[in-house]
$ cat start.cif   # mmCIF, C-alpha atoms
data_work
loop_
_atom_site.label_atom_id
_atom_site.label_comp_id
_atom_site.auth_asym_id
_atom_site.auth_seq_id
_atom_site.Cartn_x
_atom_site.Cartn_y
_atom_site.Cartn_z
CA MET A 270 7.89 -17.78 14.39
CA SER A 271 11.54 -16.79 14.34
CA TYR A 272 12.41 -13.21 13.40
CA PRO A 273 13.81 -11.52 11.38
CA LEU A 274 12.27 -13.28 8.42
CA SER A 275 13.53 -12.69 4.87
CA LEU A 276 11.13 -13.57 2.05
CA PRO A 277 11.28 -15.39 -0.25
CA ALA A 278 13.99 -17.60 1.21
CA GLY A 279 15.82 -18.15 -2.08
CA GLY A 280 16.25 -14.46 -2.90
CA PRO A 281 14.85 -12.06 -0.29
CA LEU A 282 12.74 -9.13 -1.50
CA ILE A 283 11.54 -8.03 1.95
CA ASN A 284 12.58 -8.33 5.57
CA LEU A 285 9.94 -8.88 8.25
CA THR A 286 10.81 -7.96 11.82
CA HIS A 287 8.86 -8.03 15.08
CA PRO A 288 10.59 -5.52 17.40
CA GLU A 289 7.73 -5.19 19.89
CA GLU A 290 4.97 -7.56 20.95
CA TRP A 291 2.43 -5.36 19.18
CA LEU A 292 4.57 -4.25 16.20
CA TRP A 293 5.63 -5.78 12.88
CA ILE A 294 7.72 -4.07 10.18
CA ILE A 295 7.99 -5.04 6.51
CA GLU A 296 11.08 -3.52 4.87
CA LEU A 297 11.15 -3.49 1.06
CA THR A 298 14.56 -4.61 -0.20
CA ASN A 299 14.12 -5.29 -3.92
CA GLY A 300 17.14 -3.77 -5.62
CA VAL A 301 17.85 -0.07 -5.91
CA ASP A 302 14.28 1.22 -6.20
CA ASN A 303 12.03 -1.51 -4.75
CA ARG A 304 10.04 -2.23 -7.90
CA ILE A 305 7.02 -4.38 -7.06
CA THR A 306 6.94 -7.67 -8.98
CA LYS A 307 4.64 -10.67 -9.07
CA ALA A 308 7.15 -12.61 -6.98
CA MET A 309 7.34 -9.80 -4.45
CA VAL A 310 3.58 -9.88 -3.94
CA GLU A 311 3.00 -13.64 -4.04
CA GLU A 312 6.18 -14.89 -2.42
CA ALA A 313 6.98 -12.06 -0.02
CA PHE A 314 4.13 -9.68 0.82
CA GLN A 315 1.33 -12.23 1.08
CA PRO A 316 3.35 -14.77 3.12
CA ALA A 317 4.49 -11.93 5.39
CA LEU A 318 0.88 -10.88 5.95
CA ASP A 319 0.09 -14.52 6.78
CA VAL A 320 2.81 -14.55 9.43
CA VAL A 321 1.74 -11.23 10.95
CA GLU A 322 -1.94 -12.13 11.01
CA LYS A 323 -1.27 -15.56 12.52
CA ASP A 324 0.89 -14.11 15.28
CA TRP A 325 -1.54 -11.33 16.09
CA ARG A 326 -4.57 -13.63 16.09
CA GLU A 327 -2.82 -15.98 18.50
CA GLN A 328 -2.26 -13.01 20.81
CA TRP A 329 -5.90 -12.01 20.43
CA ARG A 330 -7.16 -15.53 21.20
CA THR A 331 -4.97 -15.68 24.30
CA ALA A 332 -6.32 -12.31 25.45
CA GLN A 333 -9.88 -13.51 24.89
CA LYS A 334 -9.23 -16.73 26.79
CA ASN A 335 -7.71 -14.86 29.72
CA LYS A 336 -10.45 -12.22 29.64
CA ASP A 337 -7.79 -9.57 29.24
CA LYS A 338 -9.62 -6.27 28.82
CA GLU A 339 -6.62 -4.81 27.03
CA GLY A 340 -7.02 -7.39 24.28
CA ALA A 341 -4.28 -7.62 21.66
CA ARG A 342 -2.81 -4.42 20.31
CA GLY A 343 -1.15 -4.51 16.92
CA ALA A 344 0.25 -2.50 14.02
CA LEU A 345 2.10 -3.23 10.78
CA VAL A 346 4.50 -0.76 9.14
CA PHE A 347 5.77 -0.84 5.54
CA VAL A 348 9.03 1.00 4.89
CA GLY A 349 11.46 1.29 1.98
CA ALA A 350 14.97 -0.08 2.44
CA ARG A 351 16.26 1.39 5.69
CA ASN A 352 19.80 2.01 4.42
CA GLN A 353 18.71 4.77 2.03
CA GLU A 354 16.42 7.80 1.69
CA LYS A 355 15.73 7.81 -2.07
CA PHE A 356 12.90 5.31 -2.61
CA PHE A 357 9.96 3.91 -0.75
CA SER A 358 9.20 2.19 -4.05
CA ASN A 359 9.38 3.22 -7.68
CA GLY A 360 6.14 1.39 -8.46
CA LEU A 361 5.34 -1.80 -10.30
CA ASP A 362 7.88 -3.54 -12.49
CA TYR A 363 5.96 -2.36 -15.53
CA ASP A 364 7.74 -4.37 -18.21
CA SER A 365 6.87 -7.67 -16.53
CA VAL A 366 3.43 -6.65 -15.26
CA ILE A 367 2.14 -5.52 -18.66
CA LYS A 368 2.81 -8.98 -20.09
CA ASP A 369 0.79 -10.75 -17.39
CA LEU A 370 -2.99 -10.36 -17.82
CA ASN A 371 -3.48 -12.08 -14.46
CA PHE A 372 -1.30 -9.70 -12.48
CA PHE A 373 -4.06 -7.38 -11.34
CA PRO A 374 -7.04 -9.77 -10.94
CA VAL A 375 -5.03 -12.66 -9.49
CA THR A 376 -2.03 -11.04 -7.79
CA TYR A 377 -2.17 -7.33 -6.99
CA ASN A 378 -5.89 -6.70 -6.45
CA PRO A 379 -6.20 -9.47 -3.82
CA PHE A 380 -3.13 -8.10 -2.05
CA LEU A 381 -4.51 -4.55 -1.99
CA ALA A 382 -7.90 -5.83 -0.82
CA ARG A 383 -6.30 -7.78 2.00
CA LEU A 384 -4.22 -4.80 3.05
CA LEU A 385 -7.28 -2.53 2.91
CA THR A 386 -9.11 -4.79 5.39
CA PHE A 387 -6.19 -6.07 7.46
CA PRO A 388 -7.20 -6.74 11.09
CA ILE A 389 -4.59 -4.39 12.61
CA PRO A 390 -3.61 -0.83 11.65
CA THR A 391 -1.25 -0.53 8.69
CA ILE A 392 1.10 2.40 8.19
CA ALA A 393 3.20 3.28 5.14
CA ALA A 394 6.50 4.88 6.20
CA ILE A 395 7.26 6.67 2.94
CA ASN A 396 10.99 7.34 3.17
CA GLY A 397 11.51 8.42 -0.45
CA HIS A 398 9.84 8.51 -3.85
CA CYS A 399 6.49 6.71 -3.89
CA MET A 400 5.37 6.17 -7.46
CA ALA A 401 2.41 4.64 -9.32
CA GLY A 402 1.60 1.14 -8.06
CA SER A 403 3.44 1.74 -4.80
CA MET A 404 1.35 4.83 -4.18
CA MET A 405 -1.64 2.48 -4.35
CA LEU A 406 0.05 0.24 -1.77
CA SER A 407 0.39 3.26 0.50
CA LEU A 408 -3.26 4.26 -0.08
CA ALA A 409 -4.38 0.76 0.88
CA CYS A 410 -2.72 1.32 4.25
CA ASP A 411 -4.63 3.07 7.02
CA TYR A 412 -2.05 5.82 7.56
CA ARG A 413 0.78 7.40 5.57
CA VAL A 414 3.85 9.02 7.12
CA MET A 415 6.22 10.69 4.66
CA THR A 416 9.63 12.31 4.71
CA ASP A 417 9.36 16.08 4.37
CA GLY A 418 12.00 16.03 1.63
CA SER A 419 14.42 18.32 3.47
CA LYS A 420 17.18 15.70 3.57
CA ARG A 421 16.56 14.41 0.06
CA ARG A 422 13.84 15.25 -2.45
CA ALA A 423 10.85 12.91 -2.52
CA PHE A 424 7.71 12.82 -4.65
CA MET A 425 4.42 10.93 -4.80
CA SER A 426 2.81 10.43 -8.19
CA MET A 427 0.44 8.29 -10.18
CA ASN A 428 2.31 9.03 -13.40
CA GLU A 429 0.78 6.39 -15.70
CA VAL A 430 -0.78 9.07 -17.91
CA LEU A 431 2.73 10.30 -18.66
CA PHE A 432 3.96 6.96 -20.01
CA GLY A 433 0.75 5.67 -21.59
CA ALA A 434 -0.52 3.09 -19.12
CA ILE A 435 -4.17 2.70 -18.20
CA TRP A 436 -5.39 2.00 -14.68
CA PRO A 437 -7.14 -1.16 -13.50
CA LEU A 438 -10.55 -0.54 -11.94
CA SER A 439 -9.07 -1.33 -8.54
CA PHE A 440 -6.79 1.71 -8.67
CA ALA A 441 -9.63 4.06 -9.58
CA ALA A 442 -11.88 2.70 -6.82
CA LEU A 443 -9.17 2.86 -4.18
CA LEU A 444 -8.21 6.41 -5.11
CA ARG A 445 -11.80 7.66 -4.92
CA ALA A 446 -12.22 6.05 -1.51
CA LYS A 447 -9.06 7.49 -0.01
CA VAL A 448 -8.99 10.87 -1.80
CA PRO A 449 -12.62 12.00 -2.08
CA ASP A 450 -11.89 15.51 -3.39
CA GLY A 451 -12.65 15.62 -7.11
CA GLN A 452 -9.99 18.18 -7.98
CA MET A 453 -7.34 16.11 -6.22
CA VAL A 454 -8.50 12.97 -8.02
CA ARG A 455 -8.11 14.80 -11.34
CA LYS A 456 -4.67 16.08 -10.39
CA ILE A 457 -3.52 12.62 -9.36
CA SER A 458 -5.05 10.55 -12.14
CA ILE A 459 -5.13 12.46 -15.42
CA GLU A 460 -2.55 15.15 -14.73
CA GLY A 461 0.03 12.79 -13.25
CA HIS A 462 1.13 15.52 -10.86
CA MET A 463 4.36 14.99 -8.95
CA PHE A 464 3.37 15.83 -5.39
CA THR A 465 5.96 17.24 -3.06
CA PRO A 466 5.59 16.10 0.54
CA LYS A 467 4.00 19.42 1.51
CA GLU A 468 1.52 19.16 -1.38
CA ALA A 469 0.70 15.58 -0.43
CA LEU A 470 -0.01 16.65 3.15
CA ALA A 471 -2.10 19.65 2.08
CA GLY A 472 -4.09 17.44 -0.29
CA GLY A 473 -4.86 14.85 2.38
CA ILE A 474 -2.86 12.13 0.67
CA VAL A 475 -0.50 11.67 3.62
CA ASP A 476 -1.15 12.18 7.32
CA HIS A 477 2.23 13.27 8.67
CA LEU A 478 5.53 14.71 7.41
CA VAL A 479 8.82 14.03 9.17
CA GLU A 480 12.09 15.90 9.03
CA GLY A 481 15.13 13.64 8.97
CA ASP A 482 16.29 10.30 7.64
CA THR A 483 14.54 6.96 7.14
CA GLU A 484 14.81 6.06 10.82
CA ALA A 485 13.04 9.31 11.75
CA VAL A 486 10.21 8.50 9.33
CA LEU A 487 10.01 4.99 10.73
CA ARG A 488 9.91 6.23 14.32
CA LYS A 489 6.94 8.45 13.52
CA ALA A 490 5.18 5.59 11.73
CA VAL A 491 5.72 3.39 14.79
CA GLU A 492 4.33 6.17 17.00
CA VAL A 493 1.21 6.33 14.83
CA GLY A 494 0.95 2.55 14.95
CA LYS A 495 1.23 2.49 18.73
CA PHE A 496 -1.63 4.96 19.06
CA ALA A 497 -3.89 3.33 16.46
CA GLY A 498 -2.94 -0.20 17.50
CA ALA A 499 -4.97 0.12 20.68
CA ASN A 500 -8.13 0.06 18.56
CA ALA A 501 -7.22 -3.36 17.19
CA ARG A 502 -7.34 -5.01 20.60
CA LEU A 503 -10.98 -6.12 20.46
CA GLY A 504 -10.79 -7.62 16.98
CA VAL A 505 -13.14 -5.37 15.02
CA TRP A 506 -10.68 -3.09 13.21
CA GLY A 507 -10.67 -5.13 10.00
CA LEU A 508 -14.36 -5.98 10.19
CA ILE A 509 -15.35 -2.32 10.28
CA LYS A 510 -13.08 -1.55 7.34
CA SER A 511 -14.66 -4.38 5.35
CA ASP A 512 -17.96 -2.52 5.52
CA VAL A 513 -16.50 0.97 5.09
CA TYR A 514 -14.76 -0.13 1.89
CA ARG A 515 -17.37 -2.60 0.67
CA ASP A 516 -17.93 -0.73 -2.61
CA VAL A 517 -14.18 -0.69 -3.27
CA LEU A 518 -13.87 -4.39 -2.57
CA GLU A 519 -16.74 -5.17 -4.91
CA THR A 520 -15.10 -3.13 -7.66
CA PHE A 521 -11.89 -5.09 -7.11
CA GLN A 522 -13.79 -8.17 -8.28
CA LYS A 523 -14.71 -6.60 -11.60
CA GLN A 524 -12.53 -6.95 -14.66
CA SER A 525 -11.41 -4.10 -16.87
CA ARG A 526 -11.80 -4.89 -20.55
CA PRO A 527 -8.44 -5.11 -22.35
CA MET A 528 -7.60 -1.59 -23.47
CA ASN A 529 -4.74 0.45 -24.80
CA PRO A 530 -4.56 3.54 -27.05
CA GLN A 531 -4.45 1.38 -30.19
CA ILE A 532 -7.61 -0.56 -29.30
CA ASP A 533 -9.35 2.66 -28.30
CA ASP A 534 -8.37 4.32 -31.58
CA ALA A 535 -9.57 1.34 -33.65
CA ALA A 536 -12.95 1.52 -31.93
CA ALA A 537 -13.15 5.26 -32.54
CA ARG A 538 -12.18 4.80 -36.21
CA SER A 539 -15.07 2.35 -36.67
CA ARG A 540 -17.53 4.57 -34.81
CA LEU A 541 -16.59 7.69 -36.74
CA SER A 542 -16.12 6.15 -40.17
CA LYS A 543 -19.54 7.26 -41.43
CA LEU A 544 -18.93 10.94 -40.77
#
$ encode --input "start.cif" --output "structure tokens"
Amino acid sequence: MSYPLSLPAGGPLINLTHPEEWLWIIELTNGVDNRITKAMVEEAFQPALDVVEKDWREQWRTAQKNKDKEGARGALVFVGARNQEKFFSNGLDYDSVIKDLNFFPVTYNPFLARLLTFPIPTIAAINGHCMAGSMMLSLACDYRVMTDGSKRRAFMSMNEVLFGAIWPLSFAALLRAKVPDGQMVRKISIEGHMFTPKEALAGGIVDHLVEGDTEAVLRKAVEVGKFAGANARLGVWGLIKSDVYRDVLETFQKQSRPMNPQIDDAAARSRLSKL
């Protein structure tokens, strides 16, 4: 495979690079704030994961054939556009997503499930605001490295409650798996709290904070990937995660019934009409 690779070819939304034998980097480049669209997932993220997995597995097979005890190290980093410090991603492109009933069951859930069980360590290099659906992308990664906000303010938030959007079951299951503290789950989900980097670190949402610009955040993410990537060399990283997150993956297969405040209110009106 020739790198760098821009996907999709007709109008790139991400750049995939392979700077080290063991390292791949996906840079989000969708406009000003990296909104996640159906095309971004299906025509950019998923094909990029195909490329990374194919390359790494070829390295692993070669190591197995040569009886190389070091195996095949590997790590994948996601980072917001590297020429700015404002956004990792501003979340899903809500106006288009809400019109597509297949977006979660057919597009986004399978992507999150694949990321959650990817065969090499995944690291989110959060170089700016990380909102809503993109926070779920970061939670599906194994590690999260975030700017400390000293150069430019940055927040993490699942703010759907503030603009009237419900969650798919996948989001709820993933949050509970990655943030087991009940008070934090409440703060994230139904309070829509805007977490500063320090709050995100204290709450266990992110693993590291970094002072400096996007490149500093990326360097730390690469450092984490280099350390964790050694545990991918024998090929069991993803297999173990498949069992650790089995309940989450099973929930991903379930469908939420169509719901919005109007449907909920109509049901309540019927239920309470006899009072």
$ residues_around --input "start.cif" --residues "Pro316 in chain A" --least-positions-apart "2" --cutoff "12 Å" --atoms "only C-alpha atoms" --output "short mmCIF file (atom, residue, chain, number, x, y, z; two decimals) with C-alpha atoms, in the coordinates of the input"
data_model
loop_
_atom_site.label_atom_id
_atom_site.label_comp_id
_atom_site.auth_asym_id
_atom_site.auth_seq_id
_atom_site.Cartn_x
_atom_site.Cartn_y
_atom_site.Cartn_z
CA LEU A 274 12.27 -13.28 8.42
CA SER A 275 13.53 -12.69 4.87
CA LEU A 276 11.13 -13.57 2.05
CA PRO A 277 11.28 -15.39 -0.25
CA ALA A 278 13.99 -17.60 1.21
CA LEU A 282 12.74 -9.13 -1.50
CA ILE A 283 11.54 -8.03 1.95
CA ASN A 284 12.58 -8.33 5.57
CA LEU A 285 9.94 -8.88 8.25
CA ILE A 295 7.99 -5.04 6.51
CA ALA A 308 7.15 -12.61 -6.98
CA MET A 309 7.34 -9.80 -4.45
CA VAL A 310 3.58 -9.88 -3.94
CA GLU A 311 3.00 -13.64 -4.04
CA GLU A 312 6.18 -14.89 -2.42
CA ALA A 313 6.98 -12.06 -0.02
CA PHE A 314 4.13 -9.68 0.82
CA LEU A 318 0.88 -10.88 5.95
CA ASP A 319 0.09 -14.52 6.78
CA VAL A 320 2.81 -14.55 9.43
CA VAL A 321 1.74 -11.23 10.95
CA GLU A 322 -1.94 -12.13 11.01
CA LYS A 323 -1.27 -15.56 12.52
CA PHE A 380 -3.13 -8.10 -2.05
CA ARG A 383 -6.30 -7.78 2.00
#
$ resolve_selection --input "start.cif" --expression "the PyMOL selection byres ((chain A and resi 480) around 8)" --output "PyMOL selection string"
chain A and resi 416-420+478-479+481-482+485-486
$ closest_residue --input "start.cif" --among "A:Trp329, A:Phe521, A:Ala535, A:Glu429" --to "His462 in chain A" --atoms "all atoms listed in the file"
A:Glu429
$ residues_around --input "start.cif" --residues "Gly507 in chain A" --least-positions-apart "4" --cutoff "12 Å" --atoms "all atoms listed in the file" --output "list of chain:residue names"
A:Glu322, A:Gly343, A:Ala344, A:Ala382, A:Arg383, A:Leu384, A:Leu385, A:Thr386, A:Phe387, A:Pro388, A:Ile389, A:Pro390, A:Thr391, A:Cys410, A:Asp411, A:Gly498, A:Asn500, A:Ala501, A:Arg502, A:Leu503, A:Ser511, A:Asp512, A:Val513, A:Tyr514, A:Arg515
$ resolve_selection --input "start.cif" --expression "the PyMOL selection byres ((chain A and resi 303-307) around 9)" --output "PyMOL selection string"
chain A and resi 282+297-302+308-312+349-350+356-363+365-366+372+376-377+402-403
$ closest_residue --input "start.cif" --among "A:Asp324, A:Asp533, A:Asp369, A:Asp476" --to "Ala393 in chain A" --atoms "only C-alpha atoms"
A:Asp476
$ decode --input "start.cif" --residues "range 495-507 of chain A" --atoms "all heavy atoms" --output "compact mmCIF listing (two decimals), in the first residue's frame"
# COMPACT_ATOMS: atom_id res chain seq x y z
N LYS A 495 3.37 3.25 21.20
CA LYS A 495 4.61 2.45 21.14
C LYS A 495 4.70 1.50 22.32
O LYS A 495 5.10 0.34 22.18
CB LYS A 495 5.82 3.38 21.10
CG LYS A 495 7.13 2.65 20.86
CD LYS A 495 8.27 3.63 20.65
CE LYS A 495 9.56 2.90 20.30
NZ LYS A 495 10.69 3.85 20.06
N PHE A 496 4.31 2.00 23.49
CA PHE A 496 4.33 1.15 24.69
C PHE A 496 3.30 0.04 24.59
O PHE A 496 3.58 -1.14 24.77
CB PHE A 496 4.07 2.00 25.93
CG PHE A 496 3.87 1.20 27.18
CD1 PHE A 496 4.96 0.67 27.87
CD2 PHE A 496 2.60 0.97 27.68
CE1 PHE A 496 4.77 -0.08 29.03
CE2 PHE A 496 2.40 0.23 28.83
CZ PHE A 496 3.49 -0.30 29.50
N ALA A 497 2.05 0.42 24.28
CA ALA A 497 0.96 -0.57 24.23
C ALA A 497 1.10 -1.51 23.04
O ALA A 497 0.68 -2.67 23.10
CB ALA A 497 -0.39 0.14 24.19
N GLY A 498 1.70 -1.00 21.96
CA GLY A 498 1.78 -1.79 20.73
C GLY A 498 2.56 -3.08 20.87
O GLY A 498 2.37 -4.01 20.09
N ALA A 499 3.43 -3.15 21.88
CA ALA A 499 4.17 -4.38 22.10
C ALA A 499 3.24 -5.53 22.46
O ALA A 499 3.53 -6.70 22.16
CB ALA A 499 5.21 -4.16 23.21
N ASN A 500 2.11 -5.22 23.08
CA ASN A 500 1.18 -6.28 23.48
C ASN A 500 0.32 -6.78 22.34
O ASN A 500 -0.48 -7.71 22.52
CB ASN A 500 0.28 -5.78 24.61
CG ASN A 500 1.00 -5.75 25.95
OD1 ASN A 500 2.07 -6.35 26.10
ND2 ASN A 500 0.43 -5.06 26.91
N ALA A 501 0.45 -6.16 21.16
CA ALA A 501 -0.28 -6.65 19.99
C ALA A 501 0.51 -7.71 19.24
O ALA A 501 -0.03 -8.38 18.35
CB ALA A 501 -0.59 -5.48 19.05
N ARG A 502 1.77 -7.89 19.59
CA ARG A 502 2.68 -8.67 18.75
C ARG A 502 2.31 -10.13 18.60
O ARG A 502 2.66 -10.77 17.60
CB ARG A 502 4.11 -8.54 19.26
CG ARG A 502 4.38 -9.20 20.60
CD ARG A 502 5.78 -8.85 21.14
NE ARG A 502 6.14 -9.63 22.30
CZ ARG A 502 5.72 -9.39 23.54
NH1 ARG A 502 4.89 -8.37 23.76
NH2 ARG A 502 6.10 -10.16 24.54
N LEU A 503 1.58 -10.68 19.57
CA LEU A 503 1.25 -12.11 19.51
C LEU A 503 -0.16 -12.37 19.00
O LEU A 503 -0.60 -13.52 18.94
CB LEU A 503 1.46 -12.76 20.88
CG LEU A 503 2.90 -12.70 21.41
CD1 LEU A 503 3.00 -13.36 22.77
CD2 LEU A 503 3.86 -13.35 20.41
N GLY A 504 -0.88 -11.30 18.66
CA GLY A 504 -2.15 -11.47 17.97
C GLY A 504 -3.38 -11.67 18.82
O GLY A 504 -4.45 -12.00 18.28
N VAL A 505 -3.28 -11.43 20.13
CA VAL A 505 -4.44 -11.69 20.99
C VAL A 505 -5.10 -10.42 21.52
O VAL A 505 -6.10 -10.49 22.23
CB VAL A 505 -4.08 -12.61 22.17
CG1 VAL A 505 -3.61 -13.97 21.67
CG2 VAL A 505 -3.03 -11.97 23.07
N TRP A 506 -4.55 -9.27 21.21
CA TRP A 506 -5.07 -8.00 21.74
C TRP A 506 -6.57 -7.87 21.45
O TRP A 506 -7.39 -7.64 22.34
CB TRP A 506 -4.29 -6.85 21.14
CG TRP A 506 -4.68 -5.48 21.60
CD1 TRP A 506 -5.66 -4.68 21.06
CD2 TRP A 506 -4.12 -4.73 22.68
NE1 TRP A 506 -5.73 -3.47 21.73
CE2 TRP A 506 -4.80 -3.48 22.73
CE3 TRP A 506 -3.10 -4.97 23.60
CZ2 TRP A 506 -4.48 -2.50 23.67
CZ3 TRP A 506 -2.79 -3.99 24.53
CH2 TRP A 506 -3.48 -2.77 24.56
N GLY A 507 -6.95 -7.99 20.19
CA GLY A 507 -8.35 -7.85 19.81
C GLY A 507 -9.22 -8.98 20.32
O GLY A 507 -10.40 -8.77 20.65
